[in-house]
Amino acid sequence: MRAVVVEGPGQITVTTVPDPTPGPNDVVVAVDACGLCGTDLHLVDGEIPVVNYPITPGHELAGRVVAVGGEVTRLAEGDLVAVDPSLPCGECRYCRKGKGNLCEPWQAIGISSPGGAAEYVQVQAKKCYPLPAGTPATAAALIEPLSCAVHGLDKVPHDLTDDVLIYGAGTMGLLLAQLLKRAGVNTLSVVDRRQDRLDVAGSMGVSAVATDAAELDRDGWDLVVDATGVVAAIEDGLGRVRKAGTFLQFGVADAKASANFSPFKVYNEEITIVGSMAVHNSFDRARDLLVSGAVDSDALITNTAGLNDYASALEEFRTGAGLKTQVLPSA
Ligand SMILES: [Zn+2]
Ligand SMILES: [Zn+2]
């Protein structure tokens with residue numbers, strides 16, 4: 001089969017590798033769509049310590065089951081599935097505490113084992129989530145990032161009367177916005193430096209958009225979400241949380257970055273600061289939300305490419321062009 005192989009940092013090839021075969025509890029999925037995200041950039045740049053090079057990247061994938069292991073009864077050839085890429089060990093301190101997303105050593109399909117930027121991928125059957133026939137594979141490949149957003153909102157209180165501010169109108173910010181709008185909050189505002197992204201947020205029916213939160217701020221917000229990972233946005237957002245409010249750090253900042261905040265404000269105003277990392281018991285609920293139309297996938301998937309164009313698609317994604325980029329290996 002054809003597969004993208006990252007031989008080492010900065011070395012992307014598209015080459016022919018042996019077809020995968022399923023173990024007894026596995027299936028082989030023909031990948032129809034595989035999203036790119038910031039994690040893939042970090043992988044290609046050599047910034048993820050747990051990567052086993054050479055590696056086929058791709059952890060946001062959906063496709064059709066084409067081979068089924070002997071012990072698998074729940075899936076059949078032809079099933080359309082989305083794949084939960086996380087591979088918690090089940091034995092470490094964090095897995096035993098029910099925090100598999102924080103597993104040590106953390107591993108995932110497309111990070112430590114071959115991923116979806118290939119014609120086929122071998123996965124454990126239990127990591128596959130079936131979808132109704134006719135679900136577009138491109139939409140199904142949004143379930144992984146959507147499940148990260150579901151987990152993020154699991155971790156923070158939000159209710160009908162809350163005013164909510166999101167920094168960042170990229171794919172993650174817009175997924176979070178659509179979920180919060182669906183959940184029902186008093187107002188939902190989105191800040192991004194880019195007007196084209198704010199236009200998409202506006203089309204999704206949020207209350208207000210701006211390139212700078214100062215344009216919108218009256219007396220702060222009950223929930224502020226960072227979906228940028230940018231220190232300037234994080235510091236600005238931490239300063240705009242209302243008394244008794246919550247700040248959600250969802251965006252992935254540089255591992256070496258630090259941000260300033262006022263410990264006095266956190267104390268005096270009883271502010272809660274929460275982190276959210278990847279997928280945690282949220283993949284099935286994200287699947288259900290996607291199937292019921294919670295997400296405008298057409299608005300989010302702006303760029304698609306064939307497998308041979310993986311490297312150029314990734315570099316275009318790096319420039320911030322569009323929103324979600326997907327490779328379509330079967331196309
Ligand atoms: Zn990702
Ligand atoms: Zn573990």
# chains A, B, ... in the order shown; residues from 1 in each chain; ligands from 1

call {"tool": "select_by_dssp", "arguments": {"residues": "region 104-149 of chain A", "states": "alpha helix (DSSP H)", "output": "MDAnalysis selection string"}}
result
chainID A and resid 137:140 143:149

call {"tool": "select_by_dssp", "arguments": {"residues": "region 70-314 of chain A", "states": "strand (DSSP E)", "output": "number ranges by chain"}}
result
A: 80-83, 120-124, 128-130, 163-167, 187-191, 208-210, 221-226, 241-249, 272-275, 301-305

call {"tool": "residues_around", "arguments": {"residues": "Cys95 (chain A)", "least_positions_apart": "6", "cutoff": "12 Å", "atoms": "only C-alpha atoms", "output": "NGL selection string"}}
result
:A and (87-89 or 101-106 or 280)

call {"tool": "residues_around", "arguments": {"residues": "Gly220 (chain A)", "least_positions_apart": "2", "cutoff": "7 Å", "atoms": "only C-alpha atoms", "output": "PyMOL selection string"}}
result
chain A and resi 217-218+240-242

call {"tool": "atom_distance", "arguments": {"atom1": "CA of Gly63 (chain A)", "atom2": "CA of Cys128 (chain A)"}}
result
10.0 Å

call {"tool": "residues_around", "arguments": {"residues": "Pro49 (chain A)", "least_positions_apart": "4", "cutoff": "12 Å", "atoms": "only C-alpha atoms", "output": "list in words"}}
result
Pro9, Thr39, His42, Leu43, Val44, Asp45, Tyr53, Pro105, Trp106, Gln107, Ile111, Ser112 and Ala255 of chain A

call {"tool": "closest_residue", "arguments": {"among": "A:Val65, A:Cys148, A:Val31, A:Ile55", "to": "ligand 1", "atoms": "only C-alpha atoms and all ligand atoms"}}
result
A:Cys148

call {"tool": "closest_atom_pairs", "arguments": {"of": "chain A", "to": "ligand 1", "cutoff": "7 Å", "atoms": "only C-alpha atoms and all ligand atoms", "output": "tab-separated table"}}
result
residue	atom	partner	partner_atom_place_in_ligand_line	distance
A:Leu36	CA	ligand 1	1 (Zn)	6.8
A:Cys37	CA	ligand 1	1 (Zn)	4.7
A:Gly38	CA	ligand 1	1 (Zn)	6.4
A:Thr39	CA	ligand 1	1 (Zn)	5.4
A:His59	CA	ligand 1	1 (Zn)	6.3
A:Glu60	CA	ligand 1	1 (Zn)	6.4
A:Pro145	CA	ligand 1	1 (Zn)	6.2

call {"tool": "closest_residue", "arguments": {"among": "A:Asp26, A:Asp19, A:Asp79, A:Asp32", "to": "Pro136 (chain A)", "atoms": "only C-alpha atoms"}}
result
A:Asp32

call {"tool": "closest_residue", "arguments": {"among": "A:Ala108, A:Ala321, A:Val231, A:Ala149", "to": "ligand 2", "atoms": "only C-alpha atoms and all ligand atoms"}}
result
A:Ala108

call {"tool": "closest_residue", "arguments": {"among": "A:Cys92, A:Val121, A:Leu153, A:Val83", "to": "ligand 2", "atoms": "only C-alpha atoms and all ligand atoms"}}
result
A:Cys92

call {"tool": "closest_residue", "arguments": {"among": "A:Asn186, A:Thr272, A:Thr15, A:Ser86", "to": "ligand 2", "atoms": "only C-alpha atoms and all ligand atoms"}}
result
A:Ser86

call {"tool": "closest_residue", "arguments": {"among": "A:Thr325, A:Gln122, A:Thr73, A:Thr319", "to": "Thr304 (chain A)", "atoms": "only C-alpha atoms"}}
result
A:Thr325

call {"tool": "residues_around", "arguments": {"residues": "Tyr267 (chain A)", "least_positions_apart": "6", "cutoff": "12 Å", "atoms": "only C-alpha atoms", "output": "PyMOL selection string"}}
result
chain A and resi 243-245+261+273

call {"tool": "residues_around", "arguments": {"residues": "Val190 (chain A)", "least_positions_apart": "4", "cutoff": "7 Å", "atoms": "only C-alpha atoms", "output": "list in words"}}
result
Leu165, Ile166, Tyr167, Gly168, Ala169, Ala208, Val209 and Ala210 of chain A

call {"tool": "decode", "arguments": {"residues": "region 50-77 of chain A", "atoms": "N, CA and C atoms", "output": "mmCIF file, in the first residue's frame"}}
result
data_model
loop_
_atom_site.group_PDB
_atom_site.id
_atom_site.type_symbol
_atom_site.label_atom_id
_atom_site.label_comp_id
_atom_site.auth_asym_id
_atom_site.auth_seq_id
_atom_site.Cartn_x
_atom_site.Cartn_y
_atom_site.Cartn_z
ATOM 1 N N VAL A 50 7.750 10.951 22.332
ATOM 2 C CA VAL A 50 7.377 9.536 22.288
ATOM 3 C C VAL A 50 7.272 8.974 20.868
ATOM 4 N N VAL A 51 7.551 9.799 19.844
ATOM 5 C CA VAL A 51 7.414 9.307 18.463
ATOM 6 C C VAL A 51 8.498 8.281 18.154
ATOM 7 N N ASN A 52 8.062 7.166 17.546
ATOM 8 C CA ASN A 52 9.002 6.141 17.071
ATOM 9 C C ASN A 52 9.205 6.324 15.569
ATOM 10 N N TYR A 53 10.244 7.037 15.161
ATOM 11 C CA TYR A 53 10.529 7.172 13.721
ATOM 12 C C TYR A 53 11.145 5.881 13.226
ATOM 13 N N PRO A 54 10.905 5.456 11.971
ATOM 14 C CA PRO A 54 9.976 6.082 11.029
ATOM 15 C C PRO A 54 8.528 5.814 11.445
ATOM 16 N N ILE A 55 7.655 6.797 11.190
ATOM 17 C CA ILE A 55 6.265 6.671 11.620
ATOM 18 C C ILE A 55 5.344 7.174 10.503
ATOM 19 N N THR A 56 4.232 6.480 10.306
ATOM 20 C CA THR A 56 3.156 7.000 9.463
ATOM 21 C C THR A 56 2.244 7.827 10.356
ATOM 22 N N PRO A 57 2.115 9.146 10.092
ATOM 23 C CA PRO A 57 1.302 9.991 10.962
ATOM 24 C C PRO A 57 -0.195 9.815 10.678
ATOM 25 N N GLY A 58 -1.004 10.553 11.404
ATOM 26 C CA GLY A 58 -2.447 10.565 11.152
ATOM 27 C C GLY A 58 -3.249 9.939 12.275
ATOM 28 N N HIS A 59 -3.898 10.787 13.085
ATOM 29 C CA HIS A 59 -4.673 10.275 14.216
ATOM 30 C C HIS A 59 -6.137 10.720 14.173
ATOM 31 N N GLU A 60 -6.545 11.402 13.097
ATOM 32 C CA GLU A 60 -7.950 11.823 12.956
ATOM 33 C C GLU A 60 -8.507 11.106 11.733
ATOM 34 N N LEU A 61 -8.921 9.851 11.896
ATOM 35 C CA LEU A 61 -9.190 9.080 10.691
ATOM 36 C C LEU A 61 -10.523 8.354 10.711
ATOM 37 N N ALA A 62 -11.029 8.178 9.501
ATOM 38 C CA ALA A 62 -12.267 7.421 9.298
ATOM 39 C C ALA A 62 -12.155 6.680 7.977
ATOM 40 N N GLY A 63 -12.847 5.561 7.899
ATOM 41 C CA GLY A 63 -12.800 4.772 6.668
ATOM 42 C C GLY A 63 -13.661 3.535 6.794
ATOM 43 N N ARG A 64 -13.419 2.594 5.858
ATOM 44 C CA ARG A 64 -14.226 1.372 5.806
ATOM 45 C C ARG A 64 -13.424 0.171 6.291
ATOM 46 N N VAL A 65 -14.077 -0.690 7.062
ATOM 47 C CA VAL A 65 -13.444 -1.931 7.490
ATOM 48 C C VAL A 65 -13.314 -2.846 6.269
ATOM 49 N N VAL A 66 -12.079 -3.315 6.015
ATOM 50 C CA VAL A 66 -11.866 -4.184 4.850
ATOM 51 C C VAL A 66 -11.328 -5.569 5.240
ATOM 52 N N ALA A 67 -10.911 -5.745 6.482
ATOM 53 C CA ALA A 67 -10.486 -7.071 6.942
ATOM 54 C C ALA A 67 -10.734 -7.144 8.447
ATOM 55 N N VAL A 68 -11.163 -8.306 8.913
ATOM 56 C CA VAL A 68 -11.608 -8.462 10.298
ATOM 57 C C VAL A 68 -10.873 -9.636 10.921
ATOM 58 N N GLY A 69 -10.295 -9.437 12.112
ATOM 59 C CA GLY A 69 -9.611 -10.511 12.825
ATOM 60 C C GLY A 69 -10.590 -11.572 13.303
ATOM 61 N N GLY A 70 -10.041 -12.774 13.586
ATOM 62 C CA GLY A 70 -10.866 -13.936 13.897
ATOM 63 C C GLY A 70 -11.721 -13.800 15.145
ATOM 64 N N GLU A 71 -11.303 -12.991 16.102
ATOM 65 C CA GLU A 71 -12.049 -12.861 17.353
ATOM 66 C C GLU A 71 -13.055 -11.709 17.324
ATOM 67 N N VAL A 72 -13.078 -10.954 16.244
ATOM 68 C CA VAL A 72 -13.916 -9.746 16.190
ATOM 69 C C VAL A 72 -15.331 -10.122 15.764
ATOM 70 N N THR A 73 -16.302 -9.767 16.597
ATOM 71 C CA THR A 73 -17.699 -10.077 16.264
ATOM 72 C C THR A 73 -18.536 -8.819 16.036
ATOM 73 N N ARG A 74 -18.067 -7.670 16.537
ATOM 74 C CA ARG A 74 -18.884 -6.457 16.555
ATOM 75 C C ARG A 74 -18.822 -5.690 15.229
ATOM 76 N N LEU A 75 -17.818 -5.978 14.413
ATOM 77 C CA LEU A 75 -17.621 -5.236 13.166
ATOM 78 C C LEU A 75 -17.589 -6.213 11.992
ATOM 79 N N ALA A 76 -17.966 -5.694 10.828
ATOM 80 C CA ALA A 76 -17.944 -6.523 9.622
ATOM 81 C C ALA A 76 -17.347 -5.711 8.487
ATOM 82 N N GLU A 77 -16.869 -6.415 7.474
ATOM 83 C CA GLU A 77 -16.337 -5.735 6.289
ATOM 84 C C GLU A 77 -17.394 -4.797 5.721
#
